[in-house]
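K.L.:
Quick one, work-v6.cif (mmCIF, C-alpha atoms):
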```cif
data_input
loop_
_atom_site.label_atom_id
_atom_site.label_comp_id
_atom_site.auth_asym_id
_atom_site.auth_seq_id
_atom_site.Cartn_x
_atom_site.Cartn_y
_atom_site.Cartn_z
CA MET W 8 27.69 -3.17 -13.66
CA LYS W 9 25.66 -2.95 -10.48
CA ILE W 10 22.24 -1.34 -10.16
CA ILE W 11 19.73 -0.90 -7.36
CA ALA W 12 16.17 -0.77 -8.72
CA THR W 13 13.18 0.56 -6.84
CA GLY W 14 9.96 2.45 -7.45
CA ASP W 15 6.44 3.15 -6.25
CA TRP W 16 7.57 5.25 -3.30
CA HIS W 17 4.26 7.14 -3.13
CA ILE W 18 5.71 9.88 -0.92
CA GLY W 19 2.89 11.83 0.69
CA ASN W 20 0.56 8.85 0.88
CA LEU W 21 -2.10 8.96 3.59
CA PHE W 22 -2.87 5.47 4.84
CA HIS W 23 -6.53 5.64 5.85
CA GLY W 24 -5.94 9.28 6.74
CA ASN W 25 -2.63 8.69 8.54
CA ASP W 26 0.40 10.71 7.46
CA ARG W 27 3.27 8.41 6.44
CA LEU W 28 6.14 10.89 6.08
CA SER W 29 7.94 9.35 9.06
CA GLU W 30 7.66 5.95 7.37
CA HIS W 31 9.20 7.31 4.20
CA LYS W 32 12.04 8.85 6.21
CA HIS W 33 12.56 5.43 7.80
CA PHE W 34 12.78 3.83 4.33
CA PHE W 35 15.16 6.47 2.99
CA HIS W 36 17.44 6.01 6.00
CA TRP W 37 17.49 2.28 5.25
CA LEU W 38 18.08 2.84 1.53
CA LEU W 39 20.97 5.22 2.14
CA SER W 40 22.65 2.50 4.22
CA ARG W 41 22.17 -0.03 1.40
CA LEU W 42 23.65 2.40 -1.13
CA GLU W 43 26.71 2.91 1.05
CA GLU W 44 27.13 -0.85 1.44
CA GLN W 45 26.62 -1.85 -2.19
CA LYS W 46 28.07 1.21 -3.96
CA PRO W 47 25.99 0.66 -7.13
CA ASP W 48 26.71 2.37 -10.42
CA ALA W 49 23.11 3.53 -10.64
CA LEU W 50 19.93 3.87 -8.60
CA LEU W 51 16.79 3.51 -10.72
CA VAL W 52 13.44 4.84 -9.48
CA ALA W 53 10.61 3.57 -11.70
CA GLY W 54 7.84 6.09 -11.15
CA ASP W 55 5.13 7.00 -8.65
CA VAL W 56 7.71 8.95 -6.71
CA PHE W 57 4.86 10.89 -5.13
CA ASP W 58 1.37 9.73 -4.25
CA ASN W 59 -0.33 12.54 -6.14
CA ALA W 60 0.40 15.18 -8.74
CA ASN W 61 0.45 18.01 -6.19
CA PRO W 62 2.58 16.76 -3.29
CA SER W 63 2.90 18.76 -0.10
CA ALA W 64 5.96 20.85 0.67
CA ALA W 65 6.88 18.33 3.39
CA ALA W 66 6.70 15.41 0.92
CA GLN W 67 8.90 17.27 -1.58
CA ALA W 68 11.35 18.20 1.17
CA ILE W 69 12.11 14.59 2.19
CA TYR W 70 12.44 13.64 -1.50
CA TYR W 71 15.07 16.30 -2.13
CA ASP W 72 16.73 15.62 1.23
CA PHE W 73 17.17 11.99 0.16
CA ILE W 74 18.63 12.98 -3.22
CA THR W 75 21.06 15.35 -1.50
CA GLU W 76 22.24 12.70 0.96
CA ALA W 77 22.46 9.97 -1.69
CA THR W 78 24.60 12.09 -4.00
CA LYS W 79 26.88 13.02 -1.09
CA LYS W 80 27.36 9.45 0.10
CA CYS W 81 27.70 7.99 -3.42
CA PRO W 82 29.06 10.79 -5.62
CA GLU W 83 29.96 8.41 -8.48
CA MET W 84 26.49 6.85 -8.58
CA LYS W 85 23.95 8.05 -11.15
CA ILE W 86 20.34 8.40 -10.00
CA VAL W 87 17.72 7.96 -12.73
CA ILE W 88 14.11 8.84 -11.93
CA SER W 89 11.01 8.51 -14.12
CA ALA W 90 7.41 9.64 -13.68
CA GLY W 91 4.57 7.27 -12.88
CA ASN W 92 0.84 7.69 -13.32
CA HIS W 93 0.54 9.33 -9.87
CA ASP W 94 3.23 11.92 -10.63
CA SER W 95 2.98 15.24 -12.39
CA ALA W 96 5.45 14.83 -15.26
CA PHE W 97 6.04 18.58 -15.46
CA ARG W 98 6.49 19.04 -11.70
CA LEU W 99 8.94 16.14 -11.53
CA GLU W 100 10.97 17.52 -14.44
CA ALA W 101 10.91 21.16 -13.30
CA PRO W 102 14.34 21.03 -11.55
CA ARG W 103 15.83 18.75 -14.22
CA SER W 104 18.73 21.02 -15.22
CA LEU W 105 19.73 21.55 -11.57
CA LEU W 106 19.50 17.84 -10.77
CA THR W 107 21.54 16.87 -13.83
CA GLU W 108 24.44 18.81 -12.31
CA ARG W 109 24.11 16.61 -9.20
CA ASN W 110 24.35 13.39 -11.26
CA VAL W 111 20.57 12.90 -11.19
CA GLU W 112 18.58 12.37 -14.39
CA VAL W 113 14.80 12.87 -14.35
CA ARG W 114 12.44 11.96 -17.17
CA GLY W 115 8.82 12.92 -16.64
CA LYS W 116 7.46 13.00 -20.15
CA VAL W 117 8.17 11.83 -23.68
CA LYS W 118 9.41 14.66 -25.88
CA LYS W 119 8.55 14.96 -29.56
CA ASN W 120 10.38 16.85 -32.29
CA TRP W 121 8.91 18.14 -35.53
CA VAL W 122 10.57 16.52 -38.56
CA SER W 123 9.84 18.08 -41.96
CA ASP W 124 9.45 15.95 -45.07
CA GLU W 125 7.96 16.18 -48.56
CA ASN W 126 4.48 15.70 -47.07
CA GLY W 127 4.90 18.56 -44.64
CA GLY W 128 6.29 16.72 -41.62
CA SER W 129 5.34 14.93 -38.46
CA TRP W 130 6.03 14.79 -34.73
CA ASN W 131 8.58 12.10 -33.86
CA ILE W 132 9.54 10.86 -30.42
CA ASP W 133 12.93 12.13 -29.24
CA PHE W 134 14.47 8.76 -28.38
CA ASP W 135 17.83 10.34 -27.57
CA ASP W 136 16.22 12.12 -24.62
CA LEU W 137 15.12 8.73 -23.23
CA ILE W 138 18.59 7.17 -23.48
CA ILE W 139 21.01 7.79 -20.62
CA PRO W 140 24.58 6.49 -21.18
CA LEU W 141 26.35 5.58 -17.94
CA ASN W 142 29.75 4.30 -16.86
CA ASN W 143 30.50 1.72 -14.20
CA SER W 144 33.39 1.94 -11.76
CA ALA W 145 35.72 0.35 -14.32
CA GLY W 146 34.82 2.92 -16.96
CA GLU W 147 32.71 0.49 -19.00
CA LYS W 148 29.59 1.96 -20.61
CA PHE W 149 25.99 0.80 -20.42
CA LEU W 150 22.65 2.39 -21.28
CA VAL W 151 19.54 3.10 -19.25
CA LEU W 152 16.43 3.52 -21.40
CA VAL W 153 13.77 5.50 -19.53
CA VAL W 154 10.09 5.14 -20.38
CA PRO W 155 7.92 7.28 -18.07
CA PHE W 156 4.24 6.42 -17.73
CA LEU W 157 2.77 6.73 -21.22
CA ARG W 158 -0.57 8.49 -21.27
CA SER W 159 -2.99 7.94 -24.12
CA ASP W 160 -2.18 11.29 -25.76
CA VAL W 161 1.33 10.00 -26.60
CA MET W 162 -0.08 7.10 -28.64
CA GLU W 163 -0.86 7.35 -32.33
CA GLY W 164 -3.41 4.86 -33.64
CA GLY W 165 -4.17 1.35 -32.46
CA SER W 166 -4.78 0.19 -28.92
CA TYR W 167 -2.91 1.37 -25.86
CA SER W 168 -0.96 -1.90 -25.71
CA GLU W 169 0.02 -1.60 -29.37
CA GLY W 170 1.18 1.96 -28.81
CA VAL W 171 3.35 1.05 -25.81
CA ASN W 172 4.74 -1.94 -27.69
CA ARG W 173 5.71 0.23 -30.61
CA ILE W 174 7.44 2.89 -28.49
CA ILE W 175 9.32 0.41 -26.30
CA ARG W 176 10.47 -1.78 -29.18
CA ASP W 177 11.46 1.20 -31.35
CA LEU W 178 13.39 2.77 -28.48
CA THR W 179 15.24 -0.48 -27.83
CA GLN W 180 16.14 -0.93 -31.49
CA TYR W 181 17.20 2.70 -31.82
CA ALA W 182 19.54 2.31 -28.83
CA ARG W 183 21.02 -0.93 -30.19
CA ASP W 184 21.66 0.67 -33.57
CA LYS W 185 23.24 3.81 -32.12
CA TYR W 186 25.24 2.08 -29.36
CA PRO W 187 25.97 -1.42 -30.69
CA GLY W 188 27.15 -3.99 -28.17
CA LEU W 189 26.41 -2.00 -25.01
CA PRO W 190 24.33 -3.58 -22.22
CA LEU W 191 20.79 -2.21 -22.13
CA VAL W 192 18.67 -1.61 -19.03
CA MET W 193 15.12 -0.34 -19.47
CA MET W 194 12.98 1.31 -16.79
CA ALA W 195 9.24 1.78 -17.36
CA HIS W 196 5.98 2.33 -15.49
CA MET W 197 3.06 0.28 -16.80
CA TYR W 198 0.57 -2.53 -16.24
CA ALA W 199 2.04 -5.66 -17.82
CA LYS W 200 -0.31 -8.40 -19.01
CA GLY W 201 -0.55 -11.27 -16.56
CA SER W 202 0.61 -9.26 -13.56
CA GLU W 203 -0.69 -10.35 -10.17
CA ILE W 204 -2.59 -7.66 -8.32
CA ALA W 205 -4.63 -7.64 -5.13
CA GLU W 206 -8.05 -9.20 -5.76
CA LYS W 207 -9.80 -6.93 -3.24
CA ASP W 208 -9.16 -3.31 -2.43
CA ALA W 209 -6.51 -3.07 -5.14
CA SER W 210 -4.71 0.26 -4.92
CA GLU W 211 -2.63 0.19 -8.10
CA LYS W 212 -5.13 2.46 -9.85
CA ILE W 213 -5.44 0.23 -12.91
CA ILE W 214 -7.68 1.87 -15.47
CA ILE W 215 -11.04 0.11 -15.53
CA GLY W 216 -11.42 -2.75 -17.99
CA GLY W 217 -7.71 -3.46 -18.47
CA GLN W 218 -7.26 -0.99 -21.33
CA GLU W 219 -3.73 -0.26 -20.12
CA GLU W 220 -2.68 -3.90 -20.01
CA VAL W 221 0.51 -4.25 -22.05
CA ASN W 222 1.44 -7.54 -23.68
CA MET W 223 5.07 -7.95 -24.82
CA ASP W 224 4.94 -11.65 -25.74
CA GLY W 225 7.47 -12.67 -28.33
CA TRP W 226 9.88 -9.82 -27.67
CA GLU W 227 13.14 -11.47 -28.65
CA ASP W 228 15.39 -8.40 -28.97
CA HIS W 229 14.55 -7.20 -25.46
CA PRO W 230 16.91 -5.27 -23.14
CA ASP W 231 19.26 -7.21 -20.88
CA TYR W 232 17.17 -6.15 -17.88
CA PHE W 233 13.75 -4.51 -17.60
CA THR W 234 12.38 -3.01 -14.41
CA SER W 235 8.96 -1.44 -14.02
CA GLY W 236 6.83 0.38 -11.51
CA HIS W 237 3.03 0.49 -11.15
CA ILE W 238 2.22 -2.95 -9.70
CA HIS W 239 2.82 -3.13 -5.95
CA LYS W 240 3.62 -6.83 -5.65
CA ARG W 241 7.19 -7.85 -6.40
CA GLN W 242 7.13 -10.38 -9.26
CA HIS W 243 8.43 -11.47 -12.63
CA ILE W 244 6.88 -9.90 -15.75
CA TRP W 245 5.63 -11.88 -18.76
CA ASN W 246 6.96 -15.08 -17.13
CA THR W 247 10.54 -14.01 -17.88
CA ASN W 248 13.68 -13.77 -15.79
CA TRP W 249 14.85 -10.50 -17.36
CA ALA W 250 11.74 -8.38 -16.61
CA ARG W 251 10.54 -7.63 -13.08
CA TYR W 252 8.46 -5.46 -10.82
CA THR W 253 10.34 -4.40 -7.69
CA GLY W 254 7.03 -3.66 -5.92
CA SER W 255 6.11 -0.80 -3.62
CA ILE W 256 8.28 0.15 -0.66
CA LEU W 257 5.26 0.38 1.68
CA PRO W 258 1.93 -1.46 1.61
CA MET W 259 -0.78 0.70 0.09
CA SER W 260 -3.77 -1.29 1.35
CA PHE W 261 -4.61 -4.15 3.70
CA ALA W 262 -4.94 -6.34 0.62
CA GLU W 263 -1.12 -6.08 0.43
CA ILE W 264 -0.55 -7.39 3.96
CA ASP W 265 1.52 -10.37 2.76
CA TYR W 266 3.64 -8.47 0.22
CA HIS W 267 7.41 -8.31 0.64
CA HIS W 268 9.00 -4.89 0.23
CA GLY W 269 12.51 -3.85 -0.68
CA VAL W 270 14.77 -3.22 -3.66
CA ASP W 271 16.43 -5.32 -6.34
CA LEU W 272 20.20 -5.48 -6.57
CA VAL W 273 20.93 -6.14 -10.25
CA THR W 274 24.32 -7.21 -11.54
CA ILE W 275 25.09 -7.62 -15.26
CA SER W 276 28.44 -9.20 -16.09
CA PRO W 277 30.57 -8.22 -19.11
CA ASP W 278 29.10 -11.17 -21.02
CA LYS W 279 25.61 -9.84 -20.15
CA LYS W 280 24.72 -12.54 -17.63
CA LEU W 281 22.00 -11.26 -15.31
CA LYS W 282 21.85 -11.71 -11.54
CA VAL W 283 19.02 -10.25 -9.45
CA GLU W 284 19.10 -10.31 -5.64
CA PHE W 285 16.27 -9.12 -3.45
CA ILE W 286 17.22 -6.87 -0.52
CA GLU W 287 14.22 -6.92 1.79
CA TYR W 288 13.05 -3.88 3.72
CA VAL W 289 10.77 -4.24 6.73
CA PRO W 290 8.42 -1.22 6.94
CA GLN W 291 8.38 0.70 10.19
CA HIS W 292 4.71 -0.06 10.82
CA LYS W 293 3.27 -3.46 9.98
CA LEU W 294 -0.32 -4.14 8.97
CA ARG W 295 -2.50 -6.31 11.16
CA ILE W 296 -5.93 -7.82 10.49
CA PHE W 297 -7.60 -8.72 13.77
CA PRO W 298 -8.72 -11.33 14.58
CA ASP W 299 -6.70 -13.66 12.36
CA GLU W 300 -7.77 -15.09 9.03
CA GLY W 301 -10.81 -17.35 9.26
CA ILE W 302 -11.87 -16.14 12.71
CA GLU W 303 -15.09 -14.14 13.08
CA LEU W 304 -16.12 -12.90 16.53
CA PRO W 305 -19.03 -10.87 17.88
CA PRO W 306 -18.26 -7.64 19.79
CA LYS W 307 -18.26 -9.11 23.34
CA LYS W 308 -15.76 -11.85 22.52
CA LEU W 309 -13.74 -9.42 20.44
CA LEU W 310 -13.42 -7.05 23.40
CA LYS W 311 -11.94 -9.85 25.50
CA LEU W 312 -9.48 -10.85 22.77
CA ILE W 313 -8.36 -7.23 22.24
CA LYS W 314 -7.63 -6.88 25.98
CA GLU W 315 -5.58 -10.08 25.94
CA GLU W 316 -3.65 -9.86 22.68
CA LEU W 317 -3.13 -6.24 21.63
CA PRO W 318 -0.29 -4.44 23.47
CA ASP W 319 -1.04 -1.34 25.51
CA ARG W 320 0.32 2.08 24.67
CA GLY W 321 3.26 3.42 26.67
CA ASP W 322 3.32 5.98 29.44
CA GLY W 323 1.01 8.87 28.79
CA GLY W 324 -0.97 6.84 26.27
CA GLN W 325 1.52 7.53 23.50
CA LEU W 326 2.13 5.30 20.48
CA ASP W 327 5.67 4.00 20.15
CA ASP W 328 7.75 3.86 16.95
CA LYS W 329 6.61 0.31 16.18
CA PHE W 330 2.85 0.66 16.36
CA GLU W 331 0.79 -1.35 13.88
CA TYR W 332 -1.97 -0.31 11.50
CA LEU W 333 -5.10 -2.27 12.36
CA LEU W 334 -8.07 -3.56 10.40
CA LEU W 335 -10.70 -4.85 12.81
CA LYS W 336 -13.21 -7.52 11.81
CA VAL W 337 -16.51 -7.45 13.72
CA LYS W 338 -19.29 -10.00 13.36
CA GLN W 339 -22.69 -8.43 14.01
CA ASP W 340 -26.24 -9.70 13.72
CA LYS W 341 -27.31 -6.11 13.03
CA VAL W 342 -25.69 -2.68 12.93
CA ASN W 343 -25.05 -1.49 16.49
CA ASN W 344 -23.05 1.72 16.86
CA ASP W 345 -22.78 1.38 20.66
CA GLU W 346 -20.84 -1.87 20.25
CA ILE W 347 -18.55 -0.25 17.68
CA ASN W 348 -17.93 2.76 19.95
CA GLU W 349 -16.95 0.45 22.82
CA LEU W 350 -14.46 -1.38 20.59
CA GLU W 351 -12.98 1.89 19.34
CA SER W 352 -12.60 3.19 22.88
CA LEU W 353 -10.66 0.11 23.96
CA ILE W 354 -8.46 0.11 20.85
CA SER W 355 -7.56 3.78 21.44
CA ARG W 356 -5.59 2.59 24.48
CA LYS W 357 -3.65 -0.02 22.53
CA ASN W 358 -0.40 0.40 20.58
CA VAL W 359 -2.20 0.31 17.23
CA VAL W 360 -3.83 2.78 14.87
CA LEU W 361 -7.31 1.70 13.90
CA CYS W 362 -7.68 2.25 10.17
CA LYS W 363 -10.76 0.34 9.22
CA ILE W 364 -13.61 -1.69 10.71
CA HIS W 365 -14.84 -4.55 8.55
CA LYS W 366 -18.40 -5.21 9.65
CA ILE W 367 -19.45 -8.78 8.89
CA LEU W 368 -23.23 -8.84 8.72
CA PRO W 369 -25.56 -11.73 7.91
CA ALA W 370 -25.03 -12.67 4.27
CA MET W 371 -26.74 -10.27 1.89
CA GLU W 372 -27.98 -11.80 -1.33
CA LEU W 373 -28.84 -10.12 -4.59
CA HIS W 374 -31.27 -12.10 -6.71
CA SER W 375 -32.61 -11.39 -10.14
CA GLY W 376 -33.39 -13.27 -13.27
CA VAL W 377 -29.79 -12.96 -14.44
CA LEU W 378 -27.78 -12.16 -11.33
CA GLU W 379 -27.13 -14.21 -8.25
CA LYS W 380 -24.33 -12.90 -6.06
CA GLN W 381 -23.57 -13.27 -2.38
CA LEU W 382 -22.01 -10.30 -0.62
CA GLU W 383 -20.53 -10.52 2.86
CA SER W 384 -20.15 -6.84 3.53
CA VAL W 385 -20.39 -3.33 2.17
CA GLU W 386 -16.71 -3.65 1.18
CA ASP W 387 -17.65 -6.41 -1.26
CA ILE W 388 -19.85 -3.92 -3.09
CA LEU W 389 -17.35 -1.05 -2.95
CA ASN W 390 -14.47 -3.20 -4.19
CA ARG W 391 -16.37 -4.68 -7.11
CA ASP W 392 -15.28 -3.64 -10.60
CA PRO W 393 -17.69 -0.83 -11.62
CA LEU W 394 -17.70 -2.15 -15.18
CA GLU W 395 -18.99 -5.54 -14.04
CA THR W 396 -21.68 -3.92 -11.89
CA LEU W 397 -22.87 -1.77 -14.79
CA LYS W 398 -22.87 -4.75 -17.17
CA ASP W 399 -24.96 -6.76 -14.71
CA THR W 400 -27.35 -3.84 -14.25
CA PHE W 401 -27.72 -3.51 -18.02
CA LYS W 402 -28.49 -7.22 -18.28
CA ILE W 403 -31.16 -6.99 -15.58
CA GLU W 404 -32.77 -3.93 -17.16
CA HIS W 405 -32.69 -5.00 -20.82
CA LYS W 406 -32.74 -8.83 -20.53
CA ARG W 407 -29.68 -9.10 -22.78
CA GLU W 408 -25.92 -8.72 -22.71
CA MET W 409 -24.29 -5.36 -23.41
CA SER W 410 -22.94 -5.18 -26.97
CA GLU W 411 -19.23 -4.95 -27.68
CA ILE W 412 -19.61 -1.33 -28.86
CA GLN W 413 -21.58 -0.38 -25.74
CA GLU W 414 -18.99 -1.99 -23.48
CA LYS W 415 -16.20 -0.17 -25.29
CA MET W 416 -18.00 3.18 -24.87
CA LEU W 417 -18.55 2.47 -21.18
CA LYS W 418 -14.88 1.61 -20.69
CA SER W 419 -13.94 4.91 -22.31
CA ILE W 420 -16.23 6.84 -19.94
CA LEU W 421 -14.85 5.03 -16.88
CA GLN W 422 -11.31 5.64 -18.08
CA SER W 423 -12.00 9.38 -18.40
CA ILE W 424 -13.41 9.45 -14.87
CA SER W 425 -10.35 7.59 -13.56
CA GLU W 426 -7.93 9.98 -15.27
CA GLU W 427 -9.78 13.02 -13.89
CA GLU W 428 -9.58 11.57 -10.36
#
```
For the structure just supplied, provide its representation as structure tokens.

P.N.:
Amino acid sequence: MKIIATGDWHIGNLFHGNDRLSEHKHFFHWLLSRLEEQKPDALLVAGDVFDNANPSAAAQAIYYDFITEATKKCPEMKIVISAGNHDSAFRLEAPRSLLTERNVEVRGKVKKNWVSDENGGSWNIDFDDLIIPLNNSAGEKFLVLVVPFLRSDVMEGGSYSEGVNRIIRDLTQYARDKYPGLPLVMMAHMYAKGSEIAEKDASEKIIIGGQEEVNMDGWEDHPDYFTSGHIHKRQHIWNTNWARYTGSILPMSFAEIDYHHGVDLVTISPDKKLKVEFIEYVPQHKLRIFPDEGIELPPKKLLKLIKEELPDRGDGGQLDDKFEYLLLKVKQDKVNNDEINELESLISRKNVVLCKIHKILPAMELHSGVLEKQLESVEDILNRDPLETLKDTFKIEHKREMSEIQEKMLKSILQSISEEE
């Protein structure tokens, strides 16, 4: 069987205030061509379809336009879509019955059924709803197990990791018992323990303190292939060959400037041998940090370098289809808005979109009896883990470490704030 796995589309994303719908159309055009070439049995989309729970009409339009075109070009292909933490599970599932008729299966939430027993009864997860049997071109069957982003209200007792472990393992075993011998593919959306994320300006929206980190060490009876969304860097999961993140299809921050984007082409042979090939996609607009790594220039020298190295806009001062998103680094002895305005004016005539100015000021130092940190810029403060900042503040104020119970309470508060945002 042949599968194309993707996820973290984030349709409707604004990159530093810039609408990216044209970039998503560019990606979908590319993906449609890959589907026509490869003719996979299934296209798996592992969550974060949209960038927020209330996407614009324009964002929804290009999503449904893609589904329409994909089902026309590949009528035998099944499309399976799950919800991520950025999606509204109910909004994504709203047209489920209509999409099922178009060979598209959507799973936004985990359903539970009431099962009566001698003690009254209990709510049990409807595993059958998360199992999608599919056929390949030769008529051979395989299963796709869909695990949308699991919010804390789905868990019953124990830690978040324990709850996810229990659901994923029970679903896998249930599928093996009901459909013995069939190849299993699982699609999830979660933060796997040990995953590599951007150290600064991370945009994956990990809940503070790592409470969502899921550890699946020692999982022997795992599916034949496991794909997940949520982490934007393409990588293996749990140091295995059978579990992978496909990564985001567009960079979500300048911290992701070196990431490779694309989809995974997954082939599982009749004897369940796994082959994963990366099909790389080059986004329409690249990211650029200027000047290059390790170079810090004051405004006057930076003006000269911008004139020499950044391309001008075309006739009429219009951006072309290949403009770049720019992060500008400026070394200043002190804050000077006139210098910044001059740089912005010059850049406005170049074939780039200025997204962010990183002002490098003389090193700021924070000293206390317990804390000694060096901060290069305001960004260093903004990108610091709030939990660590609060723990340091507590230590300065009370001359002792925060207790385990206090830290746990603080994590819970920060998690609630994150979920509300």

K.L.:
Do you know which residues lie at most 12 Å from (-12.7, -0.2, 24.6), with coordinates as in the file and all atoms listed in the file counted, and could you write them as a list in words?

P.N.:
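Nearby residues: Pro306, Lys307, Leu309, Leu310, Lys311, Leu312, Ile313, Lys314, Leu317, Asp319, Asp345, Glu346, Ile347, Asn348, Glu349, Leu350, Glu351, Ser352, Leu353, Ile354, Ser355, Arg356 and Lys357 of chain W.
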
K.L.:
Give me a file of those residues, with C-alpha atoms, as a compact mmCIF listing (two decimals), in the frame of the given file.

P.N.:
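Saved as out-v6.txt:
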```
# COMPACT_ATOMS: atom_id res chain seq x y z
CA PRO W 306 -18.26 -7.64 19.79
CA LYS W 307 -18.26 -9.11 23.34
CA LEU W 309 -13.74 -9.42 20.44
CA LEU W 310 -13.42 -7.05 23.40
CA LYS W 311 -11.94 -9.85 25.50
CA LEU W 312 -9.48 -10.85 22.77
CA ILE W 313 -8.36 -7.23 22.24
CA LYS W 314 -7.63 -6.88 25.98
CA LEU W 317 -3.13 -6.24 21.63
CA ASP W 319 -1.04 -1.34 25.51
CA ASP W 345 -22.78 1.38 20.66
CA GLU W 346 -20.84 -1.87 20.25
CA ILE W 347 -18.55 -0.25 17.68
CA ASN W 348 -17.93 2.76 19.95
CA GLU W 349 -16.95 0.45 22.82
CA LEU W 350 -14.46 -1.38 20.59
CA GLU W 351 -12.98 1.89 19.34
CA SER W 352 -12.60 3.19 22.88
CA LEU W 353 -10.66 0.11 23.96
CA ILE W 354 -8.46 0.11 20.85
CA SER W 355 -7.56 3.78 21.44
CA ARG W 356 -5.59 2.59 24.48
CA LYS W 357 -3.65 -0.02 22.53
```

K.L.:
Step by step, work through what the PyMOL selection byres ((chain W and resi 328) around 8) selects in the shown file, and finish by giving those residues as a PyMOL selection string.

P.N.:
chain W and resi 291-292+326-327+329-330

K.L.:
Applied to this file, what does the PyMOL selection byres ((chain W and resi 89) around 8) return in terms of residues, put as a PyMOL selection string?

P.N.:
chain W and resi 52-54+87-88+90-91+113-115+153-156+194-195

K.L.:
Find, counting all atoms listed in the file, the residue in W:Asp26, W:Leu21, W:Asp231, W:Leu272 that gets nearest to Lys46 (chain W).

P.N.:
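Going through W:Asp26, W:Leu21, W:Asp231, W:Leu272 one by one, the smallest distance to Lys46 (chain W) is for W:Leu272.
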
K.L.:
Nearest to Ile424 (chain W): which of W:Glu125, W:Phe73, W:Pro393, W:Ala145 is it, counting only C-alpha atoms?

P.N.:
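Distance minimum relative to Ile424 (chain W) lands on W:Pro393.
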
K.L.:
Where does the PyMOL selection byres ((chain W and resi 260-269) around 8) land in this file, that is, which residues does it pick, as a PDB file with C-alpha atoms, keeping the file's coordinate frame?

P.N.:
```pdb
ATOM      1  CA  THR W  13      13.180   0.560  -6.840  1.00  0.00           C
ATOM      2  CA  PHE W  22      -2.870   5.470   4.840  1.00  0.00           C
ATOM      3  CA  ALA W 205      -4.630  -7.640  -5.130  1.00  0.00           C
ATOM      4  CA  GLU W 206      -8.050  -9.200  -5.760  1.00  0.00           C
ATOM      5  CA  LYS W 207      -9.800  -6.930  -3.240  1.00  0.00           C
ATOM      6  CA  ASP W 208      -9.160  -3.310  -2.430  1.00  0.00           C
ATOM      7  CA  ALA W 209      -6.510  -3.070  -5.140  1.00  0.00           C
ATOM      8  CA  SER W 210      -4.710   0.260  -4.920  1.00  0.00           C
ATOM      9  CA  LYS W 240       3.620  -6.830  -5.650  1.00  0.00           C
ATOM     10  CA  ARG W 241       7.190  -7.850  -6.400  1.00  0.00           C
ATOM     11  CA  THR W 253      10.340  -4.400  -7.690  1.00  0.00           C
ATOM     12  CA  GLY W 254       7.030  -3.660  -5.920  1.00  0.00           C
ATOM     13  CA  SER W 255       6.110  -0.800  -3.620  1.00  0.00           C
ATOM     14  CA  ILE W 256       8.280   0.150  -0.660  1.00  0.00           C
ATOM     15  CA  LEU W 257       5.260   0.380   1.680  1.00  0.00           C
ATOM     16  CA  PRO W 258       1.930  -1.460   1.610  1.00  0.00           C
ATOM     17  CA  MET W 259      -0.780   0.700   0.090  1.00  0.00           C
ATOM     18  CA  VAL W 270      14.770  -3.220  -3.660  1.00  0.00           C
ATOM     19  CA  ASP W 271      16.430  -5.320  -6.340  1.00  0.00           C
ATOM     20  CA  PHE W 285      16.270  -9.120  -3.450  1.00  0.00           C
ATOM     21  CA  ILE W 286      17.220  -6.870  -0.520  1.00  0.00           C
ATOM     22  CA  GLU W 287      14.220  -6.920   1.790  1.00  0.00           C
ATOM     23  CA  TYR W 288      13.050  -3.880   3.720  1.00  0.00           C
ATOM     24  CA  VAL W 289      10.770  -4.240   6.730  1.00  0.00           C
ATOM     25  CA  PRO W 290       8.420  -1.220   6.940  1.00  0.00           C
ATOM     26  CA  LEU W 294      -0.320  -4.140   8.970  1.00  0.00           C
ATOM     27  CA  ARG W 295      -2.500  -6.310  11.160  1.00  0.00           C
ATOM     28  CA  ILE W 296      -5.930  -7.820  10.490  1.00  0.00           C
ATOM     29  CA  LEU W 334      -8.070  -3.560  10.400  1.00  0.00           C
TER      30      LEU W 334
END
```

K.L.:
I'd like the interatomic distance between CA of Gly128 (chain W) and CA of Ser168 (chain W), to a tenth of an Å.

P.N.:
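Separation of CA of Gly128 (chain W) and CA of Ser168 (chain W): 25.5 Å.
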
K.L.:
Using all atoms listed in the file, pick whichever of W:Asn120, W:Ser159, W:Lys338, W:Asp228 has the shortest atom-to-atom distance to Ile132 (chain W).

P.N.:
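For Ile132 (chain W), the nearest of the candidates is W:Asn120.
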
K.L.:
Hey, which of W:Leu417, W:Met197, W:Ile74, W:Val273 ends up closest to His237 (chain W)? Count all atoms listed in the file.

P.N.:
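Closest to His237 (chain W), using all atoms listed in the file: W:Met197.
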
K.L.:
Record the distance separating CA of Glu219 (chain W) and CA of Arg407 (chain W), expressed in Å with one decimal.

P.N.:
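Going from CA of Glu219 (chain W) over to CA of Arg407 (chain W) covers 27.5 Å.
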
K.L.:
With distances taken over only C-alpha atoms, which of W:Asp177, W:Thr400, W:Lys336, W:Asp94 is nearest to Gly301 (chain W)?

P.N.:
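Of W:Asp177, W:Thr400, W:Lys336, W:Asp94, the one nearest Gly301 (chain W), counting only C-alpha atoms, is W:Lys336.
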
K.L.:
Near Lys280 (chain W), within 10 Å and counting only C-alpha atoms, which residues show up once chain neighbours fewer than 3 positions away are dropped, as a list in words?

P.N.:
Asp231, Tyr232, Thr274, Ile275, Ser276 and Pro277 of chain W
